[in-house]
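J.: This is the structure, below, for whatever I ask next.
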Amino acid sequence: MKREALALEVTSVVLGACREFLVNEGFVELLPVVLAPVTDPLRTTPEWATITAYGRPWYLTRSMIFHKQAAVRVHPKIFCFSPNVRLEPVERAHSGRHLFEFVQLDLEVREATRDEVMDLGERLLLHVLSEVREACGQALRAWGREVPHYPRPFPRISWHEARREFGEDFEVELSRRAKTPVWLVDFPISEREFYDREDPERPGILRDMDLLYPEGFGEALSGGEREYEAHRIKRRILGQGLSLEAYGPLLALAEDGLFPSAGFGIGVERLVRFICGFAHVAETRLFPRVPGQDALL
Ligand code: AMP
Ligand code: MG
């Protein structure tokens with residue numbers, strides 16, 4: 001089978017396996033939101049994509065974080081295959097991990113803890129690997145790739161511990177050395193966005209996490225518990241030098257009442273890249289959007 005066809009088959013099995021797993025866990029699927037009056041601040045991606053419609057600007061969604069927080073007011077377990085547009089700096093074109101349009105499986109659970117969504121994430125990933133092994137194992141083997149088995153639970157290391165042990169480039173180093181997926185937990189408040197919940201028992205430390213793939217494939221997912229109380233959200237927005245007006249729609253929701261929740265987003269192209277053992281996420285898409293590069297179609 002051609003590489004491009006294999007990537008399509010794996011992607012299709014991945015999407016089906018995620019849906020099947022989550023529906024069995026009691027989740028409902030939301031249709032994606034592409035245009036929004038407010039979107040993820042993502043301070044590491046400073047450029048914004050907007051369009052003007054009906055006399056006002058709309059953001060192309062960078063993630064559905066705020067929509068997820070709003071959606072769990074209606075249903076306790078939600079997920080979405082969410083297309084995101086992020087104008088990544090051109091130097092990220094060669095990271096192997098960045099597109100400027102990609103899809104993440106974004107999910108959120110009302111009143112869940114970080115540990116609960118970490119457990120869910122592990123089971124989801126292992127289910128996906130097992131379904132892909134069954135459906136595409138042979139085709140992948142023909143390309144020299146074996147779908148791996150991993151024991152659970154995956155190991156955890158705190159952000160501070162990882163930095164101490166592996167230095168400045170700890171994420172790269174940790175992913176390169178890992179033999180199984182590994183959790184990076186407890187990021188310092190300065191490293192993340194305002195919506196990740198600060199640990200009430202450990203000021204300055206967040207109740208959040210990333211999952212890193214082994215073999216140097218890097219970040220798989222990011223998530224955590226969320227700030228949901230209006231006064232805390234306000235303090236966090238101001239603490240990052242952002243304006244309260246810009247996040248007016250979120251603050252209005254929070255004043256009205258948000259639930260505590262936890263969730264994560266896992267990049268579909270990065271997952272397929274890892275499964276196929278490809279060098280670049282662009283190889284997983286028929287119509288990739290690589291920062292700074294033109295597209296044929
Ligand atoms: P974030 O909340 O920023 O961590 O995004 C959620 C997930 O989406 C990440 O963990 C990645 O798997 C994936 N992702 C983020 N940015 C990109 C990108 N530029 N291209 C492809 N996948 C991405
Ligand atoms: Mg991330």
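Going by the structure tokens order, chains are called A, B, ..., each with residues numbered from 1, while ligands are numbered from 1 in the order shown.
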What lies within 12 Å of A:Lys234 using only C-alpha atoms, ignoring chain neighbours under 6 positions off, as a list in words?
T.: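 These residues fall inside the cut-off: Phe194, Tyr195, Glu227, Tyr228, Gln240, Gly241, Leu242, Ser243, Leu244, Glu245, Ala246, Tyr247, Gly248, Leu250, Leu251, Ala252, Ala254 and Glu255 of chain A.
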J.: So which residues are near ligand 2, meaning at most 7 Å away with only C-alpha atoms and all ligand atoms counted, given back as a PyMOL selection string?
T.: chain A and resi 210+219+221-222
J.: Which residues form the shell of 10 Å around ligand 1 when you count only C-alpha atoms and all ligand atoms, given as number ranges by chain?
T.: A: 40-45, 62-65, 82-89, 92-93, 95-106, 192-193, 209-212, 218-224, 264-271, 280-282, 289-291
J.: Apply DSSP to the structure's backbone, then extract all residues of stretch 49-249 of chain A labelled helix (DSSP H, G or I) and return them as a PyMOL selection string.
T.: chain A and resi 65-71+90-94+114-142+159-166+170-177+189-191+230-239+245-249
J.: I'd like the neighbourhood of A:Trp58 as a PDB file with N, CA and C atoms, in the first residue's frame, where a residue qualifies if any of its atoms comes within 8 Å (using only C-alpha atoms), though same-chain residues fewer than 5 positions away should be ignored.
T.:
ATOM      1  N   LEU A  35     -15.589  29.485  13.826  1.00  0.00           N
ATOM      2  CA  LEU A  35     -15.516  30.943  14.004  1.00  0.00           C
ATOM      3  C   LEU A  35     -16.045  31.299  15.381  1.00  0.00           C
ATOM      4  N   ALA A  36     -15.334  32.193  16.064  1.00  0.00           N
ATOM      5  CA  ALA A  36     -15.771  32.511  17.427  1.00  0.00           C
ATOM      6  C   ALA A  36     -15.390  33.933  17.821  1.00  0.00           C
ATOM      7  N   PRO A  37     -16.174  34.541  18.720  1.00  0.00           N
ATOM      8  CA  PRO A  37     -15.839  35.897  19.167  1.00  0.00           C
ATOM      9  C   PRO A  37     -14.642  35.922  20.121  1.00  0.00           C
ATOM     10  N   VAL A  38     -14.291  34.761  20.679  1.00  0.00           N
ATOM     11  CA  VAL A  38     -13.137  34.685  21.583  1.00  0.00           C
ATOM     12  C   VAL A  38     -12.537  33.290  21.422  1.00  0.00           C
ATOM     13  N   THR A  50      -8.180  36.023  11.701  1.00  0.00           N
ATOM     14  CA  THR A  50      -9.570  36.492  11.833  1.00  0.00           C
ATOM     15  C   THR A  50     -10.171  36.680  10.443  1.00  0.00           C
ATOM     16  N   ILE A  51     -11.478  36.647  10.388  1.00  0.00           N
ATOM     17  CA  ILE A  51     -12.163  37.099   9.180  1.00  0.00           C
ATOM     18  C   ILE A  51     -13.177  38.151   9.620  1.00  0.00           C
ATOM     19  N   THR A  52     -13.605  38.954   8.657  1.00  0.00           N
ATOM     20  CA  THR A  52     -14.658  39.921   8.980  1.00  0.00           C
ATOM     21  C   THR A  52     -15.962  39.409   8.378  1.00  0.00           C
ATOM     22  N   ALA A  53     -16.979  39.340   9.186  1.00  0.00           N
ATOM     23  CA  ALA A  53     -18.292  38.939   8.675  1.00  0.00           C
ATOM     24  C   ALA A  53     -19.341  39.762   9.395  1.00  0.00           C
TER      25      ALA A  53
END
J.: Could you name the residues that touch A:Thr284 at 10 Å or less, counting only C-alpha atoms, but leaving out those on the same chain fewer than 3 positions away, as a PyMOL selection string?
T.: chain A and resi 3-8+10-11+268-274+276+278-281+287-288
J.: When you look at stretch 213-217 of chain A with a cut-off of 8 Å (counting only C-alpha atoms), what residues show up, excluding the ones that are within fewer than 4 positions of it in the same chain? I need them as a list in words.
T.: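 In the requested format, the answer is Val172, Glu173, Leu174, Ser175, Arg176, Arg177, Ala178, Lys179, Thr180, Pro181, Val182 and Phe274 of chain A.
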J.: Can you list, as an NGL selection string, every residue of stretch 42-253 of chain A that DSSP puts in strand (DSSP E)?
T.: :A and (50-53 or 56-60 or 77-85 or 101-110 or 156-158 or 182-185 or 208-213 or 218-225)
J.: Which residues, written as a list in words, have at least one atom at most 10 Å from A:Arg114, with only C-alpha atoms counted and residues fewer than 4 positions away on the same chain left out?
T.: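 Everything that qualifies: Met118, Asp119, Leu120, Val185, Arg207, Asp208, Met209, Gly223, Gly224, Glu225, Arg226, Ser261, Ala262, Gly263 and Phe264 of chain A.
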